[in-house]
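Chemist: To be precise about what I am sending: the file is called entry.txt and holds compact mmCIF, C-alpha atoms.
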# COMPACT_ATOMS: atom_id res chain seq x y z
CA MET A 1 -15.06 9.84 17.44
CA ASN A 2 -18.59 10.36 18.65
CA GLN A 3 -18.44 8.35 21.88
CA THR A 4 -21.91 9.31 23.11
CA LYS A 5 -23.60 7.43 20.27
CA PRO A 6 -21.33 4.48 19.43
CA GLN A 7 -24.09 2.64 17.55
CA SER A 8 -24.12 5.42 14.97
CA ALA A 9 -20.92 3.89 13.69
CA ILE A 10 -22.95 1.15 12.05
CA ALA A 11 -24.14 1.48 8.46
CA GLY A 12 -26.98 -0.58 7.02
CA ARG A 13 -25.40 -0.56 3.57
CA TYR A 14 -23.24 -3.45 2.27
CA ARG A 15 -20.53 -3.52 -0.36
CA SER A 16 -20.39 -6.23 -2.99
CA VAL A 17 -16.79 -6.19 -4.22
CA ILE A 18 -13.83 -7.99 -2.62
CA SER A 19 -10.32 -6.59 -3.12
CA ARG A 20 -6.85 -7.67 -1.97
CA ILE A 21 -6.49 -10.07 0.92
CA SER A 22 -3.83 -8.90 3.33
CA THR A 23 -4.75 -9.60 6.95
CA GLY A 24 -4.30 -13.05 8.47
CA VAL A 25 -6.24 -14.11 11.57
CA MET A 26 -6.07 -17.57 13.11
CA ALA A 27 -9.02 -19.58 11.83
CA THR A 28 -11.12 -22.14 13.64
CA ALA A 29 -11.17 -25.68 12.30
CA LEU A 30 -12.85 -25.81 8.90
CA THR A 31 -14.32 -28.64 6.92
CA ALA A 32 -13.67 -29.01 3.21
CA ALA A 33 -16.20 -31.76 2.66
CA ALA A 34 -18.53 -29.47 0.73
CA ILE A 35 -15.84 -27.97 -1.50
CA THR A 36 -15.75 -29.26 -5.06
CA THR A 37 -12.39 -29.02 -6.81
CA LEU A 38 -11.22 -29.03 -10.41
CA ASN A 39 -8.35 -30.98 -11.88
CA ALA A 40 -4.95 -29.89 -10.63
CA GLY A 41 -2.73 -27.53 -12.54
CA THR A 42 0.94 -28.52 -12.68
CA ALA A 43 4.07 -26.71 -13.81
CA THR A 44 7.60 -28.13 -13.64
CA TYR A 45 10.79 -26.18 -14.28
CA ASP A 46 13.99 -28.20 -14.73
CA PHE A 47 15.87 -25.20 -16.19
CA SER A 48 17.28 -27.16 -19.10
CA THR A 49 16.60 -24.03 -21.16
CA ASP A 50 16.67 -20.35 -20.27
CA PRO A 51 13.31 -19.60 -18.57
CA THR A 52 13.73 -15.85 -18.96
CA LEU A 53 13.43 -16.05 -22.76
CA GLY A 54 10.01 -15.14 -24.07
CA GLY A 55 8.96 -13.77 -20.69
CA VAL A 56 8.15 -17.18 -19.16
CA LEU A 57 9.71 -15.92 -15.94
CA GLN A 58 9.95 -12.21 -15.21
CA VAL A 59 13.20 -11.19 -13.54
CA GLY A 60 13.46 -7.95 -11.61
CA GLY A 61 15.62 -6.45 -8.89
CA ASN A 62 18.55 -4.06 -8.98
CA GLY A 63 20.32 -5.72 -11.91
CA ALA A 64 23.34 -6.93 -9.90
CA ASN A 65 22.57 -10.55 -10.76
CA THR A 66 23.64 -10.79 -14.40
CA GLN A 67 23.31 -14.58 -14.62
CA PRO A 68 19.94 -15.68 -13.17
CA TRP A 69 20.13 -18.84 -15.28
CA LEU A 70 23.08 -21.09 -16.03
CA ALA A 71 22.95 -24.01 -18.45
CA ALA A 72 25.14 -26.32 -16.33
CA GLY A 73 25.80 -27.01 -12.67
CA GLY A 74 22.24 -27.93 -11.71
CA ASN A 75 20.70 -31.14 -10.37
CA PRO A 76 21.27 -32.04 -13.19
CA GLY A 77 21.54 -29.64 -16.13
CA GLY A 78 20.81 -25.96 -15.67
CA PHE A 79 19.63 -24.08 -12.59
CA LEU A 80 18.15 -20.80 -11.45
CA ALA A 81 20.37 -18.51 -9.38
CA LEU A 82 18.61 -16.03 -7.14
CA THR A 83 21.84 -14.78 -5.58
CA TYR A 84 25.56 -15.37 -5.87
CA PRO A 85 28.17 -14.62 -3.19
CA GLN A 86 28.47 -10.98 -4.22
CA ASN A 87 27.41 -7.95 -2.22
CA SER A 88 24.44 -5.62 -2.73
CA SER A 89 22.37 -7.87 -4.96
CA PHE A 90 18.55 -8.01 -5.11
CA THR A 91 16.67 -10.30 -7.48
CA SER A 92 12.96 -11.04 -7.85
CA ILE A 93 11.58 -13.76 -10.11
CA VAL A 94 7.86 -13.96 -10.92
CA PHE A 95 6.33 -17.16 -12.30
CA PRO A 96 3.18 -17.31 -14.47
CA ASP A 97 -0.29 -18.01 -13.13
CA ILE A 98 -0.70 -21.65 -14.12
CA ASP A 99 -4.43 -21.56 -13.29
CA SER A 100 -5.34 -18.53 -15.41
CA GLY A 101 -7.04 -16.67 -12.58
CA LYS A 102 -8.91 -19.63 -11.08
CA ILE A 103 -9.41 -19.86 -7.31
CA VAL A 104 -6.60 -21.99 -5.84
CA SER A 105 -7.93 -24.02 -2.92
CA SER A 106 -4.73 -25.99 -2.24
CA PHE A 107 -1.22 -26.37 -3.61
CA VAL A 108 2.05 -28.27 -3.30
CA PHE A 109 5.39 -26.58 -4.03
CA GLU A 110 8.65 -28.49 -4.27
CA THR A 111 12.19 -27.54 -5.20
CA ASP A 112 15.84 -28.45 -4.76
CA LEU A 113 17.92 -25.78 -3.02
CA ARG A 114 21.65 -25.13 -2.94
CA ILE A 115 22.62 -22.51 -0.37
CA GLY A 116 25.86 -21.24 1.06
CA ASN A 117 29.61 -20.65 0.63
CA SER A 118 29.55 -16.98 1.55
CA THR A 119 32.67 -14.89 1.03
CA GLY A 120 32.64 -14.00 4.75
CA ASP A 121 32.04 -16.05 7.86
CA ARG A 122 28.39 -15.01 8.10
CA ALA A 123 25.92 -15.28 5.25
CA ALA A 124 23.26 -12.69 4.39
CA ASP A 125 20.62 -11.64 3.89
CA GLY A 126 18.29 -14.36 2.75
CA PHE A 127 15.46 -15.15 0.35
CA SER A 128 11.74 -15.91 0.21
CA ILE A 129 9.40 -18.23 -1.64
CA SER A 130 5.84 -16.92 -1.85
CA PHE A 131 2.56 -18.06 -3.30
CA ALA A 132 1.17 -14.53 -3.43
CA ARG A 133 -2.39 -13.51 -4.14
CA ALA A 134 -3.10 -12.13 -7.60
CA THR A 135 -3.86 -8.72 -6.07
CA ASP A 136 -0.51 -8.48 -4.27
CA PRO A 137 1.31 -5.17 -4.91
CA ILE A 138 4.24 -7.21 -6.21
CA PHE A 139 2.23 -7.90 -9.37
CA ALA A 140 0.87 -4.40 -9.95
CA SER A 141 3.25 -3.37 -12.75
CA LEU A 142 5.84 -6.02 -13.49
CA PRO A 143 8.77 -6.07 -13.38
CA ASP A 144 8.97 -2.69 -11.62
CA SER A 145 6.54 -3.56 -8.82
CA ALA A 146 8.47 -6.73 -7.93
CA SER A 147 11.68 -4.69 -8.06
CA ASN A 148 10.32 -2.23 -5.49
CA MET A 149 11.69 -3.43 -2.14
CA GLY A 150 8.90 -1.56 -0.38
CA ASN A 151 6.34 -4.03 -1.75
CA TRP A 152 7.91 -6.88 0.23
CA ALA A 153 7.10 -7.58 3.88
CA GLY A 154 9.22 -5.39 6.11
CA GLY A 155 10.76 -3.77 3.05
CA ILE A 156 13.14 -6.73 2.62
CA ALA A 157 13.13 -9.40 -0.08
CA GLU A 158 13.54 -12.21 2.43
CA GLY A 159 10.34 -11.00 4.12
CA GLY A 160 8.29 -12.46 1.29
CA ALA A 161 4.98 -11.32 -0.14
CA THR A 162 2.48 -9.49 2.08
CA THR A 163 -0.37 -11.72 0.89
CA GLY A 164 -0.77 -15.48 0.63
CA ILE A 165 1.86 -17.93 1.90
CA ALA A 166 5.49 -16.83 2.33
CA ILE A 167 8.38 -19.09 3.36
CA ASP A 168 11.35 -16.94 4.43
CA PHE A 169 14.91 -18.25 4.61
CA ASP A 170 16.50 -15.57 6.77
CA THR A 171 20.27 -15.96 7.04
CA TRP A 172 20.88 -12.75 9.00
CA SER A 173 18.67 -11.83 11.91
CA GLY A 174 18.29 -8.21 12.95
CA ASN A 175 15.57 -6.94 10.62
CA THR A 176 11.96 -6.13 11.49
CA LEU A 177 8.92 -7.71 9.88
CA PRO A 178 5.48 -6.05 10.06
CA ASP A 179 4.64 -8.01 13.22
CA GLY A 180 8.01 -8.30 14.97
CA GLY A 181 11.64 -9.18 14.58
CA ASP A 182 13.09 -11.91 12.40
CA THR A 183 15.32 -14.86 13.27
CA GLU A 184 18.17 -16.78 11.70
CA GLY A 185 16.21 -19.66 10.28
CA ILE A 186 12.91 -20.34 8.52
CA ILE A 187 10.01 -17.95 9.02
CA VAL A 188 6.53 -18.87 7.80
CA ARG A 189 4.05 -16.08 7.18
CA VAL A 190 0.38 -16.20 6.14
CA ASP A 191 -1.20 -13.02 4.78
CA ASN A 192 1.44 -10.83 6.44
CA VAL A 193 1.21 -12.57 9.82
CA THR A 194 4.07 -14.68 11.18
CA VAL A 195 2.92 -18.17 12.21
CA LEU A 196 6.35 -19.77 12.73
CA LYS A 197 9.91 -18.77 13.58
CA TYR A 198 12.10 -21.86 13.30
CA ASP A 199 15.65 -21.23 14.46
CA MET A 200 18.47 -22.85 12.48
CA PRO A 201 21.59 -21.64 14.32
CA THR A 202 24.28 -23.79 12.65
CA ARG A 203 26.07 -21.81 9.96
CA HIS A 204 27.56 -23.57 6.93
CA GLY A 205 26.27 -26.97 8.03
CA ALA A 206 26.20 -30.09 5.90
CA VAL A 207 23.36 -30.82 3.48
CA THR A 208 22.11 -33.38 6.02
CA ASP A 209 22.26 -30.95 8.96
CA ALA A 210 18.66 -29.97 9.76
CA THR A 211 19.87 -27.18 12.07
CA SER A 212 21.51 -25.27 9.21
CA LEU A 213 19.97 -23.26 6.39
CA GLN A 214 23.05 -23.88 4.25
CA THR A 215 23.66 -27.07 2.28
CA GLY A 216 27.40 -27.46 2.69
CA PRO A 217 30.56 -26.02 4.25
CA ARG A 218 32.18 -22.72 3.52
CA ASP A 219 35.36 -22.83 1.37
CA GLN A 220 37.73 -20.42 3.08
CA ALA A 221 40.67 -21.47 0.88
CA TYR A 222 38.72 -20.58 -2.25
CA TRP A 223 38.06 -17.05 -1.09
CA ASP A 224 41.61 -16.62 0.23
CA GLY A 225 42.78 -17.45 -3.26
CA GLY A 226 40.66 -14.72 -4.84
CA GLY A 227 37.82 -16.94 -6.00
CA ASP A 228 35.19 -15.74 -8.46
CA PRO A 229 31.68 -15.51 -6.92
CA LEU A 230 30.06 -16.37 -10.27
CA ALA A 231 32.29 -19.34 -11.10
CA ALA A 232 31.24 -22.95 -10.59
CA ASP A 233 33.97 -23.35 -7.97
CA SER A 234 32.03 -21.03 -5.67
CA TRP A 235 29.43 -23.75 -5.11
CA LYS A 236 31.59 -26.89 -5.38
CA THR A 237 31.36 -27.51 -1.61
CA LEU A 238 27.56 -27.36 -1.66
CA SER A 239 24.95 -30.04 -2.32
CA TRP A 240 21.23 -29.96 -3.09
CA ALA A 241 18.54 -30.19 -0.38
CA HIS A 242 14.81 -30.64 -0.91
CA LEU A 243 12.05 -28.26 0.21
CA LYS A 244 8.35 -29.08 0.15
CA VAL A 245 5.45 -26.76 1.04
CA GLU A 246 1.89 -28.10 1.19
CA VAL A 247 -1.39 -26.26 1.80
CA ASP A 248 -4.44 -28.52 1.86
CA VAL A 249 -8.10 -27.63 1.25
CA ASN A 250 -8.58 -27.15 5.01
CA ALA A 251 -5.88 -24.43 4.99
CA LYS A 252 -3.48 -26.66 6.93
CA LEU A 253 0.15 -25.89 6.11
CA THR A 254 3.10 -28.30 6.18
CA VAL A 255 6.72 -27.30 5.48
CA THR A 256 9.50 -29.87 5.12
CA TYR A 257 13.19 -29.00 4.60
CA LYS A 258 16.14 -31.41 4.60
CA ASN A 259 13.70 -34.23 5.42
CA LYS A 260 12.76 -32.37 8.62
CA VAL A 261 9.13 -31.31 9.13
CA VAL A 262 9.42 -27.78 10.51
CA LEU A 263 5.65 -27.12 10.41
CA ASN A 264 3.19 -30.00 10.49
CA ALA A 265 -0.42 -29.58 9.29
CA PHE A 266 -0.66 -26.23 11.04
CA GLN A 267 -4.14 -24.70 10.86
CA THR A 268 -3.82 -21.32 9.16
CA SER A 269 -6.27 -18.62 8.14
CA TYR A 270 -5.35 -19.01 4.46
CA PHE A 271 -8.42 -18.42 2.31
CA PRO A 272 -8.45 -19.65 -1.32
CA GLY A 273 -7.85 -17.21 -4.16
CA PRO A 274 -5.95 -16.77 -7.43
CA GLY A 275 -2.19 -16.63 -6.98
CA ARG A 276 1.28 -16.95 -8.43
CA LEU A 277 4.69 -18.15 -7.33
CA VAL A 278 7.36 -15.52 -6.74
CA LEU A 279 10.95 -15.69 -5.47
CA ALA A 280 13.01 -12.88 -4.00
CA GLY A 281 16.48 -12.73 -2.49
CA ARG A 282 19.11 -10.19 -1.54
CA THR A 283 22.62 -9.78 -0.21
CA GLY A 284 24.09 -6.83 1.64
CA GLY A 285 27.58 -6.52 3.05
CA ALA A 286 27.52 -10.30 3.37
CA ASN A 287 26.34 -12.83 0.81
CA GLU A 288 26.00 -16.43 -0.35
CA ASN A 289 24.79 -18.63 -3.21
CA THR A 290 21.04 -19.25 -3.43
CA HIS A 291 20.20 -21.66 -6.26
CA PHE A 292 17.00 -23.43 -7.33
CA ASP A 293 16.40 -26.47 -9.49
CA ASN A 294 13.51 -28.84 -10.25
CA ILE A 295 10.75 -26.47 -9.20
CA LYS A 296 7.31 -28.07 -9.28
CA LEU A 297 4.02 -26.40 -8.44
CA THR A 298 0.78 -28.38 -8.31
CA THR A 299 -2.47 -26.55 -7.59
CA THR A 300 -6.08 -27.55 -7.09
CA ALA A 301 -8.69 -25.05 -8.21
CA ALA A 302 -12.12 -24.64 -6.68
CA ALA A 303 -14.99 -25.52 -9.00
CA PRO A 304 -17.26 -22.67 -10.12
CA ASP A 305 -20.00 -21.86 -7.62
CA THR A 306 -22.66 -19.21 -8.11
CA GLN A 307 -24.41 -19.42 -4.75
CA ALA A 308 -23.54 -16.47 -2.53
CA PRO A 309 -23.19 -16.77 1.25
CA THR A 310 -25.91 -15.53 3.55
CA ALA A 311 -25.42 -12.00 4.86
CA PRO A 312 -23.55 -11.56 8.14
CA GLY A 313 -25.71 -10.76 11.16
CA LYS A 314 -26.03 -7.28 12.58
CA ILE A 315 -22.76 -5.57 13.46
CA ASN A 316 -22.31 -4.80 17.15
CA VAL A 317 -19.90 -2.28 18.62
CA ALA A 318 -18.12 -4.01 21.51
CA LEU A 319 -15.97 -0.96 22.22
CA ALA A 320 -15.76 2.54 20.74
CA GLY A 321 -12.94 4.71 22.05
CA ALA A 322 -10.89 7.68 20.97
CA ARG A 323 -8.52 5.52 18.90
CA ARG A 324 -10.16 2.09 18.77
CA VAL A 325 -13.34 0.43 17.53
CA ASP A 326 -14.06 -3.24 18.28
CA LEU A 327 -16.72 -4.84 16.07
CA ASN A 328 -18.40 -8.25 16.01
CA TRP A 329 -21.25 -9.82 14.07
CA ALA A 330 -23.19 -13.07 13.68
CA PRO A 331 -21.65 -15.56 11.22
CA ALA A 332 -22.76 -16.11 7.66
CA THR A 333 -23.14 -19.54 6.07
CA ASP A 334 -22.36 -20.94 2.62
CA ASN A 335 -22.86 -24.19 0.73
CA SER A 336 -19.06 -24.52 0.34
CA GLY A 337 -18.58 -24.71 4.09
CA ARG A 338 -16.09 -21.83 4.10
CA VAL A 339 -16.77 -18.14 4.63
CA ALA A 340 -14.56 -15.09 5.06
CA TYR A 341 -15.48 -11.48 5.80
CA GLN A 342 -14.55 -8.07 4.42
CA VAL A 343 -14.94 -5.03 6.65
CA SER A 344 -15.36 -1.54 5.20
CA ARG A 345 -15.10 1.81 6.91
CA ASP A 346 -16.86 4.70 5.21
CA ALA A 347 -17.26 2.54 2.08
CA THR A 348 -13.49 1.78 1.95
CA LYS A 349 -12.31 -1.77 2.54
CA ILE A 350 -9.99 -2.20 5.51
CA GLY A 351 -8.02 -5.17 6.80
CA GLY A 352 -8.59 -7.64 3.96
CA LEU A 353 -10.53 -10.90 4.25
CA ILE A 354 -10.72 -12.44 7.72
CA THR A 355 -12.16 -15.74 8.90
CA THR A 356 -13.33 -14.64 12.34
CA THR A 357 -16.50 -12.71 13.21
CA ASN A 358 -14.75 -9.81 14.92
CA PHE A 359 -12.49 -6.98 13.89
CA THR A 360 -10.56 -4.23 15.66
CA ASP A 361 -9.99 -0.94 13.87
CA LEU A 362 -7.07 0.98 15.37
CA ASN A 363 -6.79 3.51 12.56
CA VAL A 364 -9.39 5.97 13.84
CA ALA A 365 -9.18 9.51 15.22
CA PRO A 366 -10.91 11.25 18.15
CA GLY A 367 -13.96 13.38 17.50
CA LYS A 368 -15.09 11.61 14.33
CA THR A 369 -17.97 9.33 13.42
CA TYR A 370 -17.44 6.32 11.17
CA ALA A 371 -19.79 4.00 9.27
CA TYR A 372 -18.89 0.30 9.07
CA SER A 373 -20.21 -2.52 6.91
CA VAL A 374 -19.37 -6.22 6.51
CA VAL A 375 -19.93 -8.67 3.66
CA ALA A 376 -19.29 -12.40 3.52
CA SER A 377 -17.34 -14.09 0.70
CA ASP A 378 -17.08 -17.77 -0.18
CA VAL A 379 -14.25 -19.73 -1.84
CA SER A 380 -15.49 -18.80 -5.33
CA GLN A 381 -15.55 -15.12 -4.37
CA ASN A 382 -19.33 -14.86 -4.36
CA VAL A 383 -20.30 -12.01 -2.06
CA SER A 384 -23.29 -11.70 0.23
CA SER A 385 -25.77 -8.87 0.43
In structure tokens, write the structure found in this file.
Modeler:
Amino acid sequence: MNQTKPQSAIAGRYRSVISRISTGVMATALTAAAITTLNAGTATYDFSTDPTLGGVLQVGGNGANTQPWLAAGGNPGGFLALTYPQNSSFTSIVFPDIDSGKIVSSFVFETDLRIGNSTGDRAADGFSISFARATDPIFASLPDSASNMGNWAGGIAEGGATTGIAIDFDTWSGNTLPDGGDTEGIIVRVDNVTVLKYDMPTRHGAVTDATSLQTGPRDQAYWDGGGDPLAADSWKTLSWAHLKVEVDVNAKLTVTYKNKVVLNAFQTSYFPGPGRLVLAGRTGGANENTHFDNIKLTTTAAAPDTQAPTAPGKINVALAGARRVDLNWAPATDNSGRVAYQVSRDATKIGGLITTTNFTDLNVAPGKTYAYSVVASDVSQNVSS
């Protein structure tokens, strides 16, 4: 990098296209008073019929799960099985975009979960529930892209999507996520950044036990007798527990499981955008049942807005070193009350949308000069000059 003239790293040219959102930064308090919303979109899945017929849901993975839907054994009726207690299984399930590409400013996700009765003492590996952005690599070429483990955070299905909101149920700690290790419990991630690690150390706890991921005891006698992992008896000791995930128009996130609030109105950096629901789960040398029923997704879309934000103020170089560039700029404003920023280096977007007015680029090399630009985007994806 040219360290004698750090200001030469600034370009006066701005880009006008926003691409995938992948970097999460803690946001300051935001007001949604100026945001106008459209009527909510709602989709409910009770699994009374096979949702894989006609491509309503797209199922991927390694093909080990041969029965992702069963007509009986649900709460009530049929249910969706992400994993059974059989080894080396990976399943991804992609739901349709119920808003047809509209900007989702808030959503509520609810489902009943039945988890547990592993063939061994310890369950593994876990599963994830994600509301991923429409530009997530998971959706690039379905079902293959969702079946590519490398497109999931940390290269593991339980890591969730790398964009949007991901709720990870990790039943075996010891893996590495992009920003650190995992834990045995619930992990909440926003745009590939972990915002919560909630330990749940009790294994095979009752459906009322808020310290256990599982929803019932393990049936040792069943497995000693040569039980069938895909038979109804493999989940007879388990009950159904409720999960609710809420993101409001202020980007505050609440997660409730087993009537226990594990994250309460936590201010995130989540910025509205089109998205879809996607599930992913896997087993390794250990396993368990992971079943879903009564899935309901309710979204609120932002109303169309054609007014672009003002341009960000001049970019300043706070630090320019051999392998680091720190940038900051004056904030933009918008009639919606919410603004995010896209940084580009040499006309290539880097880092995704952020809600702060500073950015650190660590992917630079000594002895080179770089040109940076920043644009502002509002909730409706209007982009500044």
Chemist: With all atoms listed in the file as the atoms that count, which of A:Val374, A:Val188, A:Leu177, A:Met200 lies nearest to Lys260 in chain A?
Modeler: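 The answer is A:Met200, which sits nearest to Lys260 in chain A.
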Chemist: One decimal, Å: what's the distance from CA of Pro85 in chain A over to CA of Thr162 in chain A, could you say?
Modeler: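 One can read the CA of Pro85 in chain A to CA of Thr162 in chain A distance as 26.7 Å.
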Chemist: Point out the residue among A:Ile115, A:Ile93, A:Leu353, A:Val255 with the least atom-to-atom distance to Ser239 in chain A, counting all atoms listed in the file.
Modeler: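 Closest to Ser239 in chain A, using all atoms listed in the file: A:Ile115.
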Chemist: Show me the residues around (12.4, -30.5, 2.5) - criterion: an atom at most 7 Å away, all atoms listed in the file counted - as a list in words.
Modeler: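 Within the cut-off we find Ala241, His242, Leu243, Lys244, Thr256, Tyr257, Lys258, Asn259 and Lys260 of chain A.
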Chemist: Please produce, as CSV, a per-residue contact table for range 261-306 of chain A versus range 130-138 of chain A (criterion: any atom at most 12 Å away, only C-alpha atoms considered), showing the nearest atom pair and its distance in Å to one decimal, sorted by chain then residue number.
Modeler:
residue,atom,partner,partner_atom,distance
A:Tyr270,CA,A:Arg133,CA,10.6
A:Phe271,CA,A:Arg133,CA,10.1
A:Pro272,CA,A:Arg133,CA,9.1
A:Gly273,CA,A:Arg133,CA,6.6
A:Pro274,CA,A:Ala134,CA,5.4
A:Gly275,CA,A:Arg133,CA,4.2
A:Arg276,CA,A:Phe131,CA,5.4
A:Leu277,CA,A:Phe131,CA,4.6
A:Val278,CA,A:Ser130,CA,5.3
A:Leu279,CA,A:Ser130,CA,6.4
A:Ala280,CA,A:Ser130,CA,8.5
A:Gly281,CA,A:Ser130,CA,11.5
A:Leu297,CA,A:Phe131,CA,9.9
A:Thr298,CA,A:Phe131,CA,11.6
A:Thr299,CA,A:Phe131,CA,10.8
Chemist: Using only C-alpha atoms, which of the listed residues (A:Gly285, A:Asn192, A:Val108, A:Asp228) sits closest to Asn151 in chain A?
Modeler: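 Counting only C-alpha atoms, the residue closest to Asn151 in chain A is A:Asn192.
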Chemist: Please indicate the distance in Å from CA of Gly321 in chain A to CA of Tyr372 in chain A, rounded to one decimal place.
Modeler: 14.9 Å
Chemist: Could you check how far CA of Asn294 in chain A sits from CA of Ser173 in chain A, in Å to one decimal?
Modeler: 28.4 Å
Chemist: Find the residues around Asn62 in chain A up to 8 Å (all atoms listed in the file counted), leave out those fewer than 4 positions away in its own chain, and share them as a list in words.
Modeler: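 Here the answer would be Ser89, Phe90, Thr91 and Ser147 of chain A.
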Chemist: Which residues of range 76-122 of chain A have any atom within 12 Å of an atom in range 378-381 of chain A when counting only C-alpha atoms, and what is the closest pair of atoms for each, with the distance in Å to one decimal? Order the rows by chain and rising number and write it as CSV.
Modeler:
residue,atom,partner,partner_atom,distance
A:Gly101,CA,A:Ser380,CA,11.3
A:Lys102,CA,A:Ser380,CA,8.8
A:Ile103,CA,A:Ser380,CA,6.5
A:Val104,CA,A:Val379,CA,8.9
A:Ser105,CA,A:Val379,CA,7.7
A:Ser106,CA,A:Val379,CA,11.4
Chemist: For C-alpha atoms, I'd like the residues from the last selection saved as a PDB file, keeping the file's coordinate frame.
Modeler:
ATOM      1  CA  GLY A 101      -7.040 -16.670 -12.580  1.00  0.00           C
ATOM      2  CA  LYS A 102      -8.910 -19.630 -11.080  1.00  0.00           C
ATOM      3  CA  ILE A 103      -9.410 -19.860  -7.310  1.00  0.00           C
ATOM      4  CA  VAL A 104      -6.600 -21.990  -5.840  1.00  0.00           C
ATOM      5  CA  SER A 105      -7.930 -24.020  -2.920  1.00  0.00           C
ATOM      6  CA  SER A 106      -4.730 -25.990  -2.240  1.00  0.00           C
TER       7      SER A 106
END
Chemist: Between A:Asp182, A:Asp170, A:Asp305, A:Asp346, which is the closest to Ser128 in chain A once you count all atoms listed in the file?
Modeler: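 Under the stated criterion, the closest residue is A:Asp170.
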Chemist: Is it possible to get the residues within 12 Å of (-22.2, -5.6, 6.6) (coordinates as in the file, counting only C-alpha atoms) written as a PyMOL selection string?
Modeler: chain A and resi 9-16+310-316+327-332+341-347+349+357-358+371-377+383-385
Chemist: Residues near Tyr45 in chain A, anyone? I mean within 7 Å using only C-alpha atoms, not counting same-chain ones fewer than 2 positions away, as a PyMOL selection string.
Modeler: chain A and resi 43+47+294-296
Chemist: Can you tell me which residues surround Ser48 in chain A at a distance of at most 8 Å, considering all atoms listed in the file, apart from same-chain residues fewer than 5 positions away, and format the answer as a PyMOL selection string?
Modeler: chain A and resi 71+77-79
Chemist: Atoms to include: C-alpha atoms. Write the selected residues as a CSV table (one decimal), keeping the file's coordinate frame.
Modeler:
chain,number,residue,atom,x,y,z
A,71,ALA,CA,23.0,-24.0,-18.4
A,77,GLY,CA,21.5,-29.6,-16.1
A,78,GLY,CA,20.8,-26.0,-15.7
A,79,PHE,CA,19.6,-24.1,-12.6
Chemist: Quick one: residues within 10 Å of Val262 in chain A, only C-alpha atoms, excluding same-chain residues fewer than 6 positions away - as a count of residues only?
Modeler: 11
Chemist: Can you list, as number ranges by chain, every protein, DNA or RNA residue that comes within 12 Å of Thr215 in chain A when you count all atoms listed in the file, leaving out same-chain residues fewer than 2 positions away?
Modeler: A: 112-118, 202-213, 217-218, 235-243, 257-258, 288-291
